[in-house]
file input.txt (compact mmCIF, C-alpha atoms and all ligand atoms)
# COMPACT_ATOMS: atom_id res chain seq x y z
CA MET A 30 90.94 121.50 88.17
CA PRO A 31 93.69 122.05 90.70
CA LEU A 32 93.03 120.06 93.82
CA ARG A 33 93.47 122.56 96.59
CA ARG A 34 93.04 121.23 100.07
CA ARG A 35 90.78 124.15 101.01
CA THR A 36 88.44 123.42 98.10
CA LEU A 37 88.36 119.75 98.93
CA LEU A 38 87.58 120.43 102.53
CA ALA A 39 84.92 122.94 101.51
CA LEU A 40 83.34 120.29 99.34
CA GLY A 41 83.42 117.88 102.23
CA LEU A 42 85.51 115.43 100.26
CA GLY A 43 86.62 113.44 103.24
CA THR A 44 88.42 110.91 101.12
CA ILE A 45 90.88 113.31 99.61
CA ALA A 46 91.21 115.40 102.72
CA ALA A 47 91.90 112.15 104.55
CA GLY A 48 94.34 111.30 101.80
CA VAL A 49 96.57 114.10 102.93
CA ALA A 50 96.97 112.50 106.33
CA GLY A 51 95.96 108.92 105.58
CA CYS A 52 98.27 108.60 102.60
CA SER A 53 101.25 109.97 104.48
CA THR A 54 104.20 107.63 104.13
CA GLY A 55 105.73 108.41 107.49
CA GLY A 56 107.91 105.68 108.83
CA GLY A 57 111.52 105.63 109.82
CA SER A 58 114.23 105.86 107.25
CA SER A 59 112.09 106.70 104.22
CA PRO A 60 112.92 110.01 102.56
CA SER A 61 110.62 112.80 103.73
CA ALA A 62 107.91 114.31 101.58
CA TYR A 63 108.13 117.99 100.63
CA CYS A 64 106.03 120.78 99.15
CA VAL A 65 106.01 121.70 95.48
CA SER A 66 104.04 124.53 93.90
CA THR A 67 101.79 124.36 90.82
CA GLY A 68 104.63 125.53 88.60
CA GLN A 69 106.60 122.38 89.38
CA VAL A 70 103.86 119.87 88.57
CA GLY A 71 102.56 119.52 85.02
CA ARG A 72 98.85 119.12 84.38
CA HIS A 73 97.63 115.98 82.61
CA SER A 74 94.17 115.03 81.41
CA ARG A 75 95.26 111.53 80.37
CA LEU A 76 97.31 108.62 81.65
CA GLY A 77 98.71 107.08 78.50
CA ASN A 78 95.70 106.92 76.18
CA ALA A 79 93.10 106.91 78.93
CA ARG A 80 91.21 109.96 80.20
CA LEU A 81 91.63 110.79 83.87
CA VAL A 82 88.22 110.92 85.57
CA TYR A 83 87.61 112.36 89.02
CA ASP A 84 85.74 109.70 90.99
CA ILE A 85 83.79 112.27 93.04
CA SER A 86 82.24 114.00 90.02
CA GLY A 87 82.48 111.22 87.43
CA LYS A 88 83.84 113.87 85.04
CA PRO A 89 87.02 114.01 82.95
CA THR A 90 89.43 116.17 84.93
CA SER A 91 93.10 117.09 84.69
CA PHE A 92 95.51 116.45 87.54
CA ARG A 93 99.02 117.62 88.38
CA PHE A 94 102.00 115.28 88.69
CA ASP A 95 105.74 115.35 89.15
CA GLY A 96 107.11 114.57 85.66
CA GLY A 97 109.13 111.49 86.59
CA PHE A 98 106.30 110.03 88.65
CA TYR A 99 103.81 110.59 85.82
CA ASP A 100 106.11 108.73 83.40
CA GLN A 101 106.32 105.84 85.90
CA LEU A 102 102.52 105.65 86.07
CA VAL A 103 102.32 105.47 82.28
CA ARG A 104 104.88 102.65 82.29
CA TRP A 105 102.98 100.88 85.06
CA LEU A 106 99.68 101.04 83.14
CA SER A 107 101.27 99.64 80.00
CA ASP A 108 102.95 96.84 81.98
CA TYR A 109 99.73 96.02 83.83
CA ARG A 110 97.84 95.73 80.55
CA GLU A 111 100.47 93.42 79.16
CA LEU A 112 100.64 91.22 82.25
CA SER A 113 96.89 91.03 82.87
CA GLY A 114 95.84 90.80 79.23
CA THR A 115 93.01 93.21 79.97
CA LYS A 116 91.48 95.33 77.24
CA PRO A 117 92.82 98.88 77.07
CA PRO A 118 91.08 101.15 79.58
CA ASP A 119 89.83 104.41 78.09
CA GLN A 120 89.32 105.94 81.54
CA VAL A 121 91.41 105.93 84.69
CA TRP A 122 89.28 106.99 87.67
CA THR A 123 91.03 108.67 90.58
CA TYR A 124 90.64 110.65 93.78
CA GLY A 125 93.65 112.78 92.94
CA SER A 126 97.39 113.26 92.71
CA TRP A 127 99.12 116.51 93.69
CA LEU A 128 97.69 118.52 96.56
CA ASP A 129 98.74 121.93 97.75
CA GLY A 130 100.00 120.83 101.16
CA GLU A 131 101.61 124.11 102.28
CA PRO A 132 102.91 124.48 104.88
CA ASN A 133 102.78 120.96 106.35
CA CYS A 134 103.84 118.76 103.47
CA ASP A 135 103.90 115.36 105.09
CA SER A 136 102.41 113.40 102.19
CA TRP A 137 103.93 112.50 98.83
CA HIS A 138 100.75 113.95 97.32
CA ASP A 139 102.18 117.34 98.28
CA ALA A 140 105.23 116.62 96.10
CA GLY A 141 103.11 115.43 93.15
CA ARG A 142 104.58 111.95 93.60
CA ALA A 143 101.44 110.10 94.74
CA PHE A 144 98.25 108.94 93.06
CA ASP A 145 94.96 107.58 94.39
CA LEU A 146 93.62 105.05 91.88
CA SER A 147 89.97 104.01 92.04
CA ARG A 148 89.01 102.19 88.81
CA LEU A 149 90.05 101.28 85.28
CA VAL A 150 87.14 101.55 82.85
CA ALA A 151 86.61 100.68 79.17
CA GLY A 152 83.41 102.15 77.76
CA ASN A 153 80.82 101.34 80.40
CA GLU A 154 82.70 98.33 81.72
CA VAL A 155 84.65 98.54 84.97
CA LEU A 156 87.71 96.41 84.21
CA VAL A 157 89.04 96.54 87.75
CA SER A 158 87.88 98.47 90.78
CA CYS A 159 89.65 99.69 93.91
CA ARG A 160 86.21 100.58 95.29
CA TYR A 161 86.32 97.94 98.01
CA ASP A 162 83.57 99.98 99.68
CA LEU A 163 81.31 98.96 96.76
CA TRP A 164 82.42 95.47 95.72
CA ARG A 165 82.78 94.08 99.23
CA ASN A 166 78.95 93.97 99.21
CA TYR A 167 78.85 91.74 96.13
CA THR A 168 78.41 88.00 96.63
CA GLY A 169 79.49 84.71 95.12
CA ALA A 170 81.36 84.65 91.82
CA ARG A 171 80.96 88.40 91.31
CA LEU A 172 82.69 89.16 94.62
CA GLN A 173 85.39 86.64 93.85
CA TYR A 174 86.00 88.17 90.42
CA PHE A 175 86.28 91.77 91.64
CA ARG A 176 88.42 90.76 94.62
CA SER A 177 90.85 88.71 92.55
CA ARG A 178 91.11 91.47 89.91
CA TYR A 179 91.78 93.98 92.69
CA TRP A 180 94.67 91.93 94.06
CA ALA A 181 96.14 91.26 90.61
CA LEU A 182 96.09 95.02 90.04
CA ALA A 183 97.63 95.61 93.46
CA ALA A 184 100.41 93.18 92.53
CA SER A 185 101.36 95.20 89.47
CA LEU A 186 101.28 98.41 91.50
CA HIS A 187 103.48 96.83 94.18
CA LEU A 188 105.94 95.88 91.45
CA HIS A 189 106.31 99.45 90.21
CA PHE A 190 106.09 101.28 93.55
CA ALA A 191 107.39 100.35 96.99
CA TYR A 192 104.72 102.30 98.79
CA VAL A 193 101.22 101.02 98.01
CA LEU A 194 98.27 101.20 100.41
CA THR A 195 95.26 98.93 99.93
CA TYR A 196 92.00 98.43 101.84
CA LEU A 197 93.89 96.19 104.26
CA TYR A 198 95.96 99.16 105.44
CA ASN A 199 93.13 101.28 106.87
CA SER A 200 89.61 102.46 106.11
CA THR A 201 90.91 105.56 104.30
CA HIS A 202 91.86 103.17 101.52
CA HIS A 203 88.51 101.43 101.17
CA ASN A 204 87.78 103.38 97.98
CA HIS A 205 91.21 103.71 96.36
CA ILE A 206 94.73 102.31 96.25
CA HIS A 207 97.40 104.85 97.13
CA ILE A 208 100.68 104.69 95.22
CA ASP A 209 103.77 106.84 95.64
CA ASN A 210 107.43 106.66 94.72
CA GLY A 211 108.70 108.25 97.94
CA ARG A 212 110.67 105.14 98.88
CA SER A 213 111.40 103.49 95.53
CA GLY A 214 112.21 106.62 93.50
CA ASP A 215 112.59 105.85 89.81
CA GLN A 216 113.24 102.13 90.39
CA LEU A 217 110.95 99.12 90.61
CA SER A 218 110.17 98.13 94.17
CA THR A 219 112.08 95.86 96.53
CA PHE A 220 110.61 93.88 99.42
CA SER A 221 111.01 94.43 103.13
CA LYS A 222 109.68 91.95 105.68
CA ARG A 223 109.27 94.95 107.99
CA SER A 224 106.81 96.68 105.66
CA PRO A 225 103.28 95.94 106.93
CA SER A 226 101.74 97.22 103.69
CA GLN A 227 103.87 94.86 101.56
CA VAL A 228 103.45 91.87 103.87
CA GLN A 229 99.67 92.25 104.16
CA ALA A 230 99.45 92.66 100.39
CA VAL A 231 101.34 89.40 99.83
CA GLN A 232 98.91 87.74 102.25
CA GLY A 233 95.94 89.30 100.42
CA MET A 234 97.24 88.07 97.05
CA LEU A 235 97.85 84.56 98.44
CA ASN A 236 94.28 84.38 99.70
CA HIS A 237 92.38 86.09 96.93
CA VAL A 238 94.37 85.30 93.79
CA TRP A 239 96.06 82.00 94.64
CA GLY A 240 93.51 80.44 96.99
CA GLN A 241 96.12 79.93 99.73
CA ARG A 242 94.50 80.32 103.12
CA VAL A 243 97.04 82.28 105.12
CA GLU A 244 96.23 84.61 107.95
CA ILE A 245 96.33 88.30 107.00
CA SER A 246 98.42 89.45 109.95
CA SER A 247 100.78 92.00 108.32
CA ASP A 248 103.60 90.02 109.99
CA TRP A 249 106.03 87.99 107.92
CA ASN A 250 106.04 84.37 109.10
CA ASP A 251 106.83 80.82 107.95
CA GLU A 252 103.26 80.17 106.85
CA THR A 253 103.34 83.15 104.50
CA ALA A 254 106.84 82.36 103.20
CA ASP A 255 105.87 78.73 102.49
CA ALA A 256 102.73 79.80 100.62
CA THR A 257 104.79 82.12 98.40
CA ARG A 258 107.11 79.16 97.68
CA SER A 259 104.23 77.19 96.22
CA VAL A 260 103.46 80.08 93.85
CA LEU A 261 107.08 80.74 92.93
CA GLU A 262 107.85 77.11 92.10
CA ARG A 263 105.84 77.70 88.90
CA THR A 264 108.11 80.62 87.91
CA GLU A 265 111.72 81.06 86.79
CA HIS A 266 112.63 82.20 90.30
CA PRO A 267 111.75 79.44 92.78
CA GLY A 268 112.12 80.24 96.46
CA ALA A 269 110.19 82.46 98.84
CA VAL A 270 109.33 86.12 98.38
CA ASP A 271 111.84 87.12 101.07
CA ASP A 272 114.72 85.30 99.36
CA GLY A 273 115.51 88.25 97.12
CA THR A 274 114.34 90.89 94.69
CA ASP A 275 113.99 88.39 91.81
CA GLN A 276 111.56 86.30 93.88
CA TRP A 277 109.57 89.35 95.02
CA ARG A 278 109.16 90.66 91.48
CA ALA A 279 108.44 87.20 90.02
CA PHE A 280 105.70 86.70 92.62
CA LEU A 281 104.12 90.04 91.74
CA ARG A 282 104.36 89.44 87.97
CA ALA A 283 102.82 85.99 88.29
CA THR A 284 100.03 87.41 90.46
CA ALA A 285 99.29 90.26 88.07
CA ALA A 286 99.23 87.78 85.17
CA HIS A 287 97.00 85.24 86.90
CA ARG A 288 93.70 84.82 85.02
CA PRO A 289 90.46 84.32 86.90
CA SER A 290 89.23 80.77 86.51
ZN ZN B 301 96.97 108.84 98.42
call {"tool": "encode", "arguments": {"input": "input.txt", "output": "structure tokens"}}
result
Amino acid sequence: MPLRRRTLLALGLGTIAAGVAGCSTGGGSSPSAYCVSTGQVGRHSRLGNARLVYDISGKPTSFRFDGGFYDQLVRWLSDYRELSGTKPPDQVWTYGSWLDGEPNCDSWHDAGRAFDLSRLVAGNEVLVSCRYDLWRNYTGARLQYFRSRYWALAASLHLHFAYVLTYLYNSTHHNHIHIDNGRSGDQLSTFSKRSPSQVQAVQGMLNHVWGQRVEISSDWNDETADATRSVLERTEHPGAVDDGTDQWRAFLRATAAHRPS
């Protein structure tokens, strides 16, 4: 089912319609998004071995992607499985990928280089959920489990893509994590202290995976840097996340691999 903006708006799918604006990368020196037509984006019903399921309908659905971006997503999913040790998902739930953004293509969705991930599912079991709008109402150990799995997943996404938007970014992302390769292209990500989405994610991971109580301010500061040091001293790349790309990636790999206690 091609995701045309008009159809989505007609269906009142605020999430995806908001995705067009809310998932816009914007921001300074990043390359600008552009329009592509259906002929330039292949249709896929699976990500790796898992069926793609549209979160709105709960039905298996095919989605269109830029070829290189799709291959990166497949590599990400395989790497996430390996790092997290999770069982193989047979469904990847999503709010969409390519959108027909003509004529105002200001989102990487319009180029087929963005994806809105909502859950990984095996059988009837939700392995990990980006539906913060649902699990934030859980309590106790169940809340802790879903929150820590969310941030471990976010870590692996941040490793593979420089532009990742979580529920900390804004309320548009309370039911999915947005990923695009607009900034990082075909490479793994690098870290910028000036990226609020990366800094707040590090602070989220410190709190909810590592039990380090740092303020989630979206501003890089000594408190945050010191907390990342205490995580990285257990890895092959001691230091702080802002020391270099090795430290950034080691922090994300360790976070993605961290098992709930
Ligand atoms: Zn998005």
call {"tool": "closest_residue", "arguments": {"input": "input.txt", "among": "A:Gln101, A:Gln216, A:Ser185, A:Ser107", "to": "Asn78 in chain A", "atoms": "all atoms listed in the file"}}
result
A:Ser107
call {"tool": "axis_aligned_box", "arguments": {"input": "input.txt", "around": "range 182-201 of chain A", "padding_each_side": "3 Å", "output": "AutoDock Vina command-line options"}}
result
--center_x 98.5 --center_y 99.4 --center_z 98.2 --size_x 23.8 --size_y 18.4 --size_z 23.4
call {"tool": "residues_around", "arguments": {"input": "input.txt", "residues": "Asp271 in chain A", "least_positions_apart": "2", "cutoff": "8 Å", "atoms": "all atoms listed in the file", "output": "JSON, numbers by chain"}}
result
{"A": [220, 221, 222, 254, 269, 273, 274, 276, 277]}
call {"tool": "closest_atom_pairs", "arguments": {"input": "input.txt", "of": "range 176-244 of chain A", "to": "range 60-67 of chain A", "cutoff": "10 Å", "atoms": "only C-alpha atoms", "output": "Markdown table"}}
result
| residue | atom | partner | partner_atom | distance |
| --- | --- | --- | --- | --- |
| A:Gly211 | CA | A:Pro60 | CA | 6.5 |
| A:Arg212 | CA | A:Pro60 | CA | 6.5 |
| A:Ser213 | CA | A:Pro60 | CA | 9.7 |
| A:Gly214 | CA | A:Pro60 | CA | 9.7 |
call {"tool": "closest_residue", "arguments": {"input": "input.txt", "among": "A:Leu197, A:Leu112, A:Ala191, A:Leu186", "to": "Ile245 in chain A", "atoms": "all atoms listed in the file"}}
result
A:Leu197
call {"tool": "atom_distance", "arguments": {"input": "input.txt", "atom1": "CA of Val103 in chain A", "atom2": "CA of Leu81 in chain A"}}
result
12.0 Å
call {"tool": "closest_residue", "arguments": {"input": "input.txt", "among": "A:Gln120, A:Thr264, A:Asn236, A:Gln227", "to": "Ser177 in chain A", "atoms": "only C-alpha atoms"}}
result
A:Asn236
call {"tool": "atom_distance", "arguments": {"input": "input.txt", "atom1": "CA of Arg263 in chain A", "atom2": "CA of Thr284 in chain A"}}
result
11.4 Å
call {"tool": "residues_near_point", "arguments": {"input": "input.txt", "point": "(92.9, 91.9, 88.2)", "cutoff": "9 Å", "atoms": "all atoms listed in the file", "output": "PyMOL selection string"}}
result
chain A and resi 113+115+156-158+174-184+238+284-289
call {"tool": "atom_distance", "arguments": {"input": "input.txt", "atom1": "CA of Ala140 in chain A", "atom2": "CA of Pro118 in chain A"}}
result
26.7 Å
call {"tool": "closest_residue", "arguments": {"input": "input.txt", "among": "A:Asp209, A:Asp84, A:Asp100, A:Asp275", "to": "ligand ZN 301 (chain B)", "atoms": "all atoms listed in the file"}}
result
A:Asp209
call {"tool": "residues_around", "arguments": {"input": "input.txt", "residues": "Asp162 in chain A", "least_positions_apart": "6", "cutoff": "10 Å", "atoms": "only C-alpha atoms", "output": "list in words"}}
result
Tyr196, Ser200, His202, His203, Asn204 and His205 of chain A
call {"tool": "closest_residue", "arguments": {"input": "input.txt", "among": "A:His207, A:Arg80, A:Arg93, A:His237", "to": "ligand ZN 301 (chain B)", "atoms": "all atoms listed in the file"}}
result
A:His207
call {"tool": "closest_residue", "arguments": {"input": "input.txt", "among": "A:Tyr83, A:Tyr161, A:Tyr192, A:Phe98", "to": "ligand ZN 301 (chain B)", "atoms": "only C-alpha atoms and all ligand atoms"}}
result
A:Tyr192
call {"tool": "residues_near_point", "arguments": {"input": "input.txt", "point": "(109.2, 75.9, 96.5)", "cutoff": "10 Å", "atoms": "all atoms listed in the file", "output": "ChimeraX atom specification"}}
result
/A:254-264,266-269
